[in-house]
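Just below is one structure, and these are the notes that go with it.
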Amino acid sequence: MSSIDPVDLAAKLISVPSVTPASGAVFDVLDEALSAIGFTVHRFILGEAPDGPTENMVAIRERGPGPHVGFAGHLDVVPAGEGWTASAFEARIEDGRLIGRGANDMKSAIAAAAAAASAIDQQGGTLSFLITGDEEGYATYGTPRIIDWLNERAIRPDMILIGEPTSETRLGDTVKIGRRGSVNLWLTVKGVQGHVAYPHKADNPVPRLARIVAALSELHLDDGTEAFPPSNLEFTALGTPTSASNLIPGEATAQLNIRFNNLQNGADLVAEVTRIARTIDPAAEVRARISGEAFLTPAGRLYDIVTEAIEAECGIAPRLSTGGGTSDGRFLIQLCPVVDFGLPNATMHKVGESAGVADIEALARIYRRVFEAGLRP
């Protein structure tokens, strides 16, 4: 088998644009790398615009009886944005950092995992890569469809490491052992458009929406748990179809997001928001999209393996956290215990996204330790 340089592979992946949902050439690069080190690669494309088409990859290397360790990640990235000093999709190294869209979230972690897989002497067990092209989007045809693919073939990992950038100040300081759930909601209050000088001939929806916003802003969901902070509801947009100063609008809209812990569930939160809105305006329209439920991986072998690998390589004990955004762990927890661990996340999604070359190389060594320990019977 050939040995993989994690920085070189990361640069190759970055240099293939793969704005979500992704498919095609970026998967070709990873396919070639994993095939060369003994993986059998399965790829499938599902869905249509706007949520697709999305490509997924399941790469498996089996060496007889033993545990099954999975590594999960995504090759899609957010749009580049304006302000880059050079192309966001031309990987380059400056001052010891690999720069380019996806360097931090999370092509470098996938490259580090591939490098780790190329370095271990796998005598038994199964190592798999579960890679999607739609984590940054709605994930409609992404990781949930990978789970379907595995279930149809009765393939079930014993543990899964997700390569999201979880470290904060330095590599190894934070491991995510769970994630909050997330639900987006859109409210619409209808009225009757008219001239502000003749309010009796119109019906202004803005005051009713304002009362709904006020009521929801006062909603106390919970006080949190030992593992999770309190659930929180935040309004992210308010609007009407017109900006004319002399026009009563025909409708008013609001957008909000709830990040919630494992004391809550998405469906109940949607029902509560709907109840409050319709108490104020029985005709209020509520549309919701649940991105994922909260989850917490119970303490166990996976915790120990990842913590010990970080301590051995970085000399620090990581903090076990549930903070931050969601990850595809919200789906993969259906299969087995999962944790997220990867690079320092200060630059993810930013213009000038980057990762330290030394951190990428160290991450590959940590992943190697995790794979070796996880594959032991």
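The chains in the structure tokens are called A, B, ... from first to last as shown; in each chain the residues are counted from 1, and the ligands are counted from 1 in the order shown.
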
Using 9 Å as the limit and counting only C-alpha atoms, can you tabulate each residue of segment 77-136 of chain A that touches segment 362-367 of chain A, with its shortest atom-to-atom distance in Å and the two atoms involved, as CSV?
```
residue,atom,partner,partner_atom,distance
A:Ala109,CA,A:Leu363,CA,7.4
A:Ala111,CA,A:Ala364,CA,8.0
A:Ala112,CA,A:Ala364,CA,4.2
A:Ala113,CA,A:Ala364,CA,5.9
A:Ala114,CA,A:Ala364,CA,8.1
A:Ala115,CA,A:Ala364,CA,6.1
A:Ala116,CA,A:Ala364,CA,5.2
A:Ala117,CA,A:Tyr367,CA,8.3
```

Identify, on the basis of only C-alpha atoms, every residue whose closest approach to Trp186 of chain A does not exceed 9 Å; exclude the query and any residue fewer than 5 positions from it along the same chain; express the result as a list in words. Thr253, Ala254, Gln255, Leu256, Asn257, Glu285, Val286, Arg287, Ala288 and Arg289 of chain A

Quick one: write out the picked residues with N, CA and C atoms as a JSON list (two decimals), in the first residue's frame?
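Saved as again.json:
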```json
[["chain", "number", "residue", "atom", "x", "y", "z"],
["A", 253, "THR", "N", -43.58, 38.79, 8.19],
["A", 253, "THR", "CA", -42.95, 37.49, 8.38],
["A", 253, "THR", "C", -41.82, 37.56, 9.41],
["A", 254, "ALA", "N", -41.55, 36.44, 10.02],
["A", 254, "ALA", "CA", -40.43, 36.31, 10.95],
["A", 254, "ALA", "C", -39.78, 34.95, 10.76],
["A", 255, "GLN", "N", -38.49, 34.91, 11.01],
["A", 255, "GLN", "CA", -37.72, 33.67, 10.93],
["A", 255, "GLN", "C", -37.01, 33.48, 12.26],
["A", 256, "LEU", "N", -36.99, 32.25, 12.77],
["A", 256, "LEU", "CA", -36.32, 31.99, 14.03],
["A", 256, "LEU", "C", -35.69, 30.62, 14.04],
["A", 257, "ASN", "N", -34.77, 30.45, 14.95],
["A", 257, "ASN", "CA", -34.09, 29.16, 15.13],
["A", 257, "ASN", "C", -34.10, 28.82, 16.61],
["A", 285, "GLU", "N", -49.50, 31.46, 10.01],
["A", 285, "GLU", "CA", -48.94, 30.30, 9.32],
["A", 285, "GLU", "C", -47.56, 30.00, 9.91],
["A", 286, "VAL", "N", -47.31, 28.73, 10.20],
["A", 286, "VAL", "CA", -46.03, 28.31, 10.77],
["A", 286, "VAL", "C", -45.46, 27.19, 9.91],
["A", 287, "ARG", "N", -44.26, 27.43, 9.41],
["A", 287, "ARG", "CA", -43.55, 26.41, 8.64],
["A", 287, "ARG", "C", -42.26, 26.07, 9.39],
["A", 288, "ALA", "N", -41.90, 24.81, 9.43],
["A", 288, "ALA", "CA", -40.73, 24.41, 10.22],
["A", 288, "ALA", "C", -39.90, 23.37, 9.48],
["A", 289, "ARG", "N", -38.62, 23.38, 9.79],
["A", 289, "ARG", "CA", -37.71, 22.36, 9.28],
["A", 289, "ARG", "C", -36.79, 21.94, 10.41]]
```

Neighbour list for Pro249 of chain A as JSON, numbers by chain, cut-off 8 Å, only C-alpha atoms, skip fewer than 6 positions in-chain: {"A": [191, 192, 193, 194, 204, 205, 206, 240, 241, 242]}

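One distance worth recording is that between atom CA of Val58 of chain A and atom CA of Arg43 of chain A, which is 6.5 Å.
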
Please provide the set of residues having any atom within 12 Å of Leu9 of chain A, restricted to only C-alpha atoms, with same-chain residues fewer than 3 positions apart removed, written as an mmCIF file with C-alpha atoms, in the first residue's frame.
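Generated file (selection-v2.cif):
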```cif
data_model
loop_
_atom_site.group_PDB
_atom_site.id
_atom_site.type_symbol
_atom_site.label_atom_id
_atom_site.label_comp_id
_atom_site.auth_asym_id
_atom_site.auth_seq_id
_atom_site.Cartn_x
_atom_site.Cartn_y
_atom_site.Cartn_z
ATOM 1 C CA SER A 3 1.584 6.065 2.111
ATOM 2 C CA ILE A 4 -0.586 9.189 2.034
ATOM 3 C CA ASP A 5 0.734 12.643 2.917
ATOM 4 C CA PRO A 6 -2.182 14.364 4.702
ATOM 5 C CA LYS A 12 -5.726 18.264 -3.739
ATOM 6 C CA LEU A 13 -9.208 18.106 -2.198
ATOM 7 C CA ILE A 14 -9.301 21.862 -1.594
ATOM 8 C CA SER A 15 -8.313 22.538 -5.180
ATOM 9 C CA VAL A 16 -11.511 20.899 -6.441
ATOM 10 C CA VAL A 26 -13.720 15.910 -5.434
ATOM 11 C CA VAL A 29 -9.662 12.472 -5.640
ATOM 12 C CA LEU A 30 -10.598 10.694 -2.415
ATOM 13 C CA ASP A 31 -11.653 7.546 -4.275
ATOM 14 C CA GLU A 32 -8.227 7.270 -5.864
ATOM 15 C CA ALA A 33 -6.453 7.774 -2.532
ATOM 16 C CA LEU A 34 -8.528 5.229 -0.614
ATOM 17 C CA ALA A 91 -4.747 25.531 -2.081
ATOM 18 C CA LEU A 98 -2.729 25.522 4.387
ATOM 19 C CA ALA A 103 -8.996 23.560 4.748
ATOM 20 C CA LYS A 107 -11.148 18.407 3.909
ATOM 21 C CA SER A 108 -7.949 18.416 5.962
ATOM 22 C CA ALA A 109 -9.494 16.087 8.536
ATOM 23 C CA ILE A 110 -10.579 13.659 5.810
ATOM 24 C CA ALA A 111 -7.046 13.759 4.405
ATOM 25 C CA ALA A 112 -5.621 13.170 7.895
ATOM 26 C CA ALA A 113 -7.891 10.153 8.357
ATOM 27 C CA ALA A 114 -6.848 8.741 4.979
ATOM 28 C CA ALA A 115 -3.194 9.246 5.916
ATOM 29 C CA ILE A 360 -2.914 18.496 10.098
ATOM 30 C CA GLU A 361 0.095 16.230 10.510
ATOM 31 C CA ALA A 364 -3.215 12.274 11.266
#
```

The residue from A:Gly178, A:Gly24, A:Gly64, A:Gly342 with the smallest atom-to-atom distance to Phe44 of chain A, counting only C-alpha atoms, is A:Gly24

Which residue gives the smallest distance to Met159 of chain A among A:Pro67, A:Pro229, A:Gly137, A:Pro318, with only C-alpha atoms counted? A:Pro67

Selection near segment 83-89 of chain A, 9 Å with only C-alpha atoms, sequence-local residues under 2 positions removed, as an MDAnalysis selection string: chainID A and resid 14:17 80:81 91 99:102 351:353

Which polymer residues have any atom within 9 Å of an atom of segment 208-210 of chain A, counting only C-alpha atoms, with same-chain residues fewer than 5 positions away left out, as a PyMOL selection string? chain A and resi 187-189+215+252-254+277+280-281+284

How would the residues just picked look written out with all heavy atoms as a PDB file, in the first residue's frame?
```
ATOM      1  N   LEU A 187     -42.596  32.220  10.303  1.00  0.00           N
ATOM      2  CA  LEU A 187     -43.944  32.652  10.668  1.00  0.00           C
ATOM      3  C   LEU A 187     -44.451  33.656   9.648  1.00  0.00           C
ATOM      4  O   LEU A 187     -43.709  34.554   9.235  1.00  0.00           O
ATOM      5  CB  LEU A 187     -43.937  33.312  12.049  1.00  0.00           C
ATOM      6  CG  LEU A 187     -43.289  32.546  13.207  1.00  0.00           C
ATOM      7  CD1 LEU A 187     -43.350  33.387  14.476  1.00  0.00           C
ATOM      8  CD2 LEU A 187     -43.961  31.200  13.407  1.00  0.00           C
ATOM      9  N   THR A 188     -45.721  33.533   9.273  1.00  0.00           N
ATOM     10  CA  THR A 188     -46.356  34.499   8.383  1.00  0.00           C
ATOM     11  C   THR A 188     -47.696  34.913   8.984  1.00  0.00           C
ATOM     12  O   THR A 188     -48.528  34.055   9.310  1.00  0.00           O
ATOM     13  CB  THR A 188     -46.584  33.911   6.984  1.00  0.00           C
ATOM     14  OG1 THR A 188     -45.323  33.515   6.423  1.00  0.00           O
ATOM     15  CG2 THR A 188     -47.233  34.942   6.067  1.00  0.00           C
ATOM     16  N   VAL A 189     -47.867  36.227   9.131  1.00  0.00           N
ATOM     17  CA  VAL A 189     -49.134  36.777   9.605  1.00  0.00           C
ATOM     18  C   VAL A 189     -49.736  37.580   8.451  1.00  0.00           C
ATOM     19  O   VAL A 189     -49.105  38.497   7.931  1.00  0.00           O
ATOM     20  CB  VAL A 189     -48.922  37.676  10.838  1.00  0.00           C
ATOM     21  CG1 VAL A 189     -50.234  38.343  11.242  1.00  0.00           C
ATOM     22  CG2 VAL A 189     -48.364  36.855  11.992  1.00  0.00           C
ATOM     23  N   ALA A 215     -44.033  37.359  22.653  1.00  0.00           N
ATOM     24  CA  ALA A 215     -44.418  36.178  23.439  1.00  0.00           C
ATOM     25  C   ALA A 215     -43.381  35.066  23.312  1.00  0.00           C
ATOM     26  O   ALA A 215     -43.008  34.428  24.311  1.00  0.00           O
ATOM     27  CB  ALA A 215     -45.793  35.691  22.997  1.00  0.00           C
ATOM     28  N   ALA A 252     -46.713  40.068   7.192  1.00  0.00           N
ATOM     29  CA  ALA A 252     -45.464  40.282   7.921  1.00  0.00           C
ATOM     30  C   ALA A 252     -44.896  38.916   8.275  1.00  0.00           C
ATOM     31  O   ALA A 252     -45.643  37.977   8.593  1.00  0.00           O
ATOM     32  CB  ALA A 252     -45.704  41.108   9.180  1.00  0.00           C
ATOM     33  N   THR A 253     -43.579  38.787   8.194  1.00  0.00           N
ATOM     34  CA  THR A 253     -42.946  37.485   8.385  1.00  0.00           C
ATOM     35  C   THR A 253     -41.825  37.564   9.407  1.00  0.00           C
ATOM     36  O   THR A 253     -41.217  38.614   9.635  1.00  0.00           O
ATOM     37  CB  THR A 253     -42.368  36.956   7.063  1.00  0.00           C
ATOM     38  OG1 THR A 253     -41.391  37.885   6.574  1.00  0.00           O
ATOM     39  CG2 THR A 253     -43.460  36.771   6.015  1.00  0.00           C
ATOM     40  N   ALA A 254     -41.549  36.439  10.018  1.00  0.00           N
ATOM     41  CA  ALA A 254     -40.430  36.306  10.952  1.00  0.00           C
ATOM     42  C   ALA A 254     -39.778  34.949  10.755  1.00  0.00           C
ATOM     43  O   ALA A 254     -40.435  33.969  10.367  1.00  0.00           O
ATOM     44  CB  ALA A 254     -40.901  36.457  12.396  1.00  0.00           C
ATOM     45  N   ALA A 277     -48.218  31.231  18.621  1.00  0.00           N
ATOM     46  CA  ALA A 277     -48.527  32.117  17.496  1.00  0.00           C
ATOM     47  C   ALA A 277     -50.024  32.176  17.227  1.00  0.00           C
ATOM     48  O   ALA A 277     -50.599  33.264  17.020  1.00  0.00           O
ATOM     49  CB  ALA A 277     -47.776  31.656  16.256  1.00  0.00           C
ATOM     50  N   ILE A 280     -52.376  34.206  19.511  1.00  0.00           N
ATOM     51  CA  ILE A 280     -52.420  35.639  19.187  1.00  0.00           C
ATOM     52  C   ILE A 280     -53.109  35.885  17.860  1.00  0.00           C
ATOM     53  O   ILE A 280     -53.895  36.826  17.711  1.00  0.00           O
ATOM     54  CB  ILE A 280     -50.984  36.203  19.191  1.00  0.00           C
ATOM     55  CG1 ILE A 280     -50.401  36.094  20.608  1.00  0.00           C
ATOM     56  CG2 ILE A 280     -50.946  37.639  18.679  1.00  0.00           C
ATOM     57  CD1 ILE A 280     -48.920  36.352  20.690  1.00  0.00           C
ATOM     58  N   ASP A 281     -52.816  35.049  16.868  1.00  0.00           N
ATOM     59  CA  ASP A 281     -53.454  35.164  15.551  1.00  0.00           C
ATOM     60  C   ASP A 281     -53.805  33.759  15.078  1.00  0.00           C
ATOM     61  O   ASP A 281     -52.933  33.012  14.627  1.00  0.00           O
ATOM     62  CB  ASP A 281     -52.512  35.837  14.554  1.00  0.00           C
ATOM     63  CG  ASP A 281     -53.173  36.034  13.181  1.00  0.00           C
ATOM     64  OD1 ASP A 281     -54.232  35.422  12.924  1.00  0.00           O
ATOM     65  OD2 ASP A 281     -52.626  36.787  12.368  1.00  0.00           O
ATOM     66  N   ALA A 284     -52.314  32.534  11.862  1.00  0.00           N
ATOM     67  CA  ALA A 284     -50.870  32.584  11.651  1.00  0.00           C
ATOM     68  C   ALA A 284     -50.386  31.289  10.994  1.00  0.00           C
ATOM     69  O   ALA A 284     -50.806  30.187  11.356  1.00  0.00           O
ATOM     70  CB  ALA A 284     -50.151  32.790  12.975  1.00  0.00           C
TER      71      ALA A 284
END
```

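Minimum distance to Thr132 of chain A across A:Asp304, A:Glu55, A:Glu372, A:Glu311 (counting only C-alpha atoms) occurs at A:Glu55.
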
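The list of residues with at least one atom within 9 Å of Glu293 of chain A, based on only C-alpha atoms and without residues fewer than 5 positions apart in the same chain, reads Arg179, Arg180, Gly181, Ser182, Val183, Phe260, Asn261, Asn262, Gln264, Asn265, Gly266, Arg330 and Phe331 of chain A.
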
Write the residues you've just listed into a file as a short mmCIF file (atom, residue, chain, number, x, y, z; two decimals), in the first residue's frame, and include all heavy atoms for each of them.
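Generated output (out.cif):
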```cif
data_model
loop_
_atom_site.label_atom_id
_atom_site.label_comp_id
_atom_site.auth_asym_id
_atom_site.auth_seq_id
_atom_site.Cartn_x
_atom_site.Cartn_y
_atom_site.Cartn_z
N ARG A 179 -24.42 16.86 20.60
CA ARG A 179 -24.73 18.12 19.93
C ARG A 179 -26.17 18.50 20.25
O ARG A 179 -27.04 17.64 20.45
CB ARG A 179 -24.57 17.99 18.42
CG ARG A 179 -23.16 17.66 17.95
CD ARG A 179 -22.25 18.85 17.98
NE ARG A 179 -20.94 18.56 17.43
CZ ARG A 179 -20.23 19.41 16.69
NH1 ARG A 179 -20.70 20.61 16.43
NH2 ARG A 179 -19.05 19.07 16.23
N ARG A 180 -26.42 19.80 20.26
CA ARG A 180 -27.78 20.27 20.41
C ARG A 180 -28.57 20.02 19.13
O ARG A 180 -28.01 19.94 18.04
CB ARG A 180 -27.79 21.76 20.73
CG ARG A 180 -27.20 22.11 22.08
CD ARG A 180 -27.21 23.59 22.34
NE ARG A 180 -26.34 24.29 21.41
CZ ARG A 180 -26.28 25.62 21.31
NH1 ARG A 180 -27.04 26.37 22.08
NH2 ARG A 180 -25.46 26.19 20.45
N GLY A 181 -29.88 19.91 19.28
CA GLY A 181 -30.75 19.85 18.12
C GLY A 181 -30.99 21.23 17.56
O GLY A 181 -30.70 22.26 18.21
N SER A 182 -31.54 21.29 16.37
CA SER A 182 -31.80 22.58 15.72
C SER A 182 -33.08 22.49 14.91
O SER A 182 -33.30 21.53 14.18
CB SER A 182 -30.63 22.96 14.81
OG SER A 182 -30.89 24.15 14.10
N VAL A 183 -33.93 23.52 15.07
CA VAL A 183 -35.13 23.62 14.25
C VAL A 183 -35.27 25.06 13.77
O VAL A 183 -35.11 26.01 14.55
CB VAL A 183 -36.40 23.17 15.01
CG1 VAL A 183 -36.59 23.94 16.30
CG2 VAL A 183 -37.64 23.29 14.13
N PHE A 260 -31.61 23.31 20.80
CA PHE A 260 -32.20 22.69 21.98
C PHE A 260 -31.41 21.48 22.46
O PHE A 260 -30.73 20.80 21.70
CB PHE A 260 -33.66 22.31 21.71
CG PHE A 260 -33.88 21.39 20.54
CD1 PHE A 260 -33.95 20.01 20.70
CD2 PHE A 260 -34.07 21.91 19.25
CE1 PHE A 260 -34.18 19.17 19.62
CE2 PHE A 260 -34.30 21.07 18.17
CZ PHE A 260 -34.35 19.69 18.35
N ASN A 261 -31.51 21.25 23.76
CA ASN A 261 -30.80 20.13 24.38
C ASN A 261 -31.69 18.89 24.41
O ASN A 261 -32.80 18.89 23.85
CB ASN A 261 -30.33 20.53 25.79
CG ASN A 261 -31.47 20.97 26.68
OD1 ASN A 261 -32.55 20.38 26.70
ND2 ASN A 261 -31.25 22.05 27.43
N ASN A 262 -31.21 17.86 25.10
CA ASN A 262 -31.94 16.59 25.05
C ASN A 262 -33.11 16.52 26.03
O ASN A 262 -33.69 15.45 26.22
CB ASN A 262 -30.98 15.41 25.25
CG ASN A 262 -30.22 15.47 26.57
OD1 ASN A 262 -30.28 16.46 27.30
ND2 ASN A 262 -29.49 14.41 26.87
N GLN A 264 -35.58 18.41 25.17
CA GLN A 264 -36.59 18.81 24.20
C GLN A 264 -36.55 17.90 22.98
O GLN A 264 -35.59 17.14 22.80
CB GLN A 264 -36.33 20.26 23.74
CG GLN A 264 -36.09 21.26 24.84
CD GLN A 264 -37.35 21.58 25.63
OE1 GLN A 264 -38.47 21.33 25.18
NE2 GLN A 264 -37.18 22.15 26.82
N ASN A 265 -37.57 18.01 22.14
CA ASN A 265 -37.51 17.39 20.82
C ASN A 265 -38.14 18.34 19.81
O ASN A 265 -38.94 19.21 20.16
CB ASN A 265 -38.16 16.01 20.78
CG ASN A 265 -39.66 16.05 20.93
OD1 ASN A 265 -40.36 16.46 20.01
ND2 ASN A 265 -40.17 15.67 22.10
N GLY A 266 -37.74 18.19 18.56
CA GLY A 266 -38.11 19.14 17.53
C GLY A 266 -39.61 19.27 17.32
O GLY A 266 -40.14 20.39 17.22
N ARG A 330 -25.86 13.77 14.55
CA ARG A 330 -27.28 13.72 14.86
C ARG A 330 -27.98 12.58 14.14
O ARG A 330 -29.04 12.11 14.59
CB ARG A 330 -27.94 15.06 14.53
CG ARG A 330 -28.01 15.41 13.05
CD ARG A 330 -28.38 16.89 12.88
NE ARG A 330 -28.67 17.29 11.51
CZ ARG A 330 -27.77 17.71 10.65
NH1 ARG A 330 -26.50 17.78 11.01
NH2 ARG A 330 -28.13 18.08 9.43
N PHE A 331 -27.42 12.15 13.03
CA PHE A 331 -27.95 10.99 12.30
C PHE A 331 -27.21 9.70 12.67
O PHE A 331 -27.83 8.67 12.90
CB PHE A 331 -27.82 11.22 10.80
CG PHE A 331 -28.41 12.50 10.30
CD1 PHE A 331 -27.65 13.42 9.60
CD2 PHE A 331 -29.76 12.79 10.52
CE1 PHE A 331 -28.18 14.60 9.13
CE2 PHE A 331 -30.31 13.98 10.05
CZ PHE A 331 -29.52 14.89 9.36
#
```

For Leu320 of chain A, which residue out of A:Lys176, A:His200, A:His349, A:Arg259 is the nearest one, using only C-alpha atoms? A:Lys176

Could you check how far atom CA of Val273 of chain A sits from atom CA of Ser291 of chain A, in Å to one decimal? 16.2 Å

Measuring between only C-alpha atoms, which one of A:Glu218, A:Asp340, A:Glu135, A:Asp359 shows the shortest distance to Leu296 of chain A? A:Asp340

Taking the DSSP secondary structure from the backbone, can you list the residues of segment 149-344 of chain A that are strand (DSSP E or B), as a PyMOL selection string? chain A and resi 159-162+167+174-176+178-179+181-190+192+194-195+203+232-239+247-248+251-260+285-292+295-296+319-321+338-340+344

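Separating atom CA of Asp76 of chain A from atom CA of Ala22 of chain A is a distance of 5.2 Å.
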
Please, which residues of segment 160-220 of chain A, numbered as in this document, come out helix (DSSP H, G or I) from DSSP, as a count of residues only? 15

If you count only C-alpha atoms, the residue of A:Arg211, A:Ile305, A:Gly250, A:Ile258 closest to Arg278 of chain A turns out to be A:Arg211
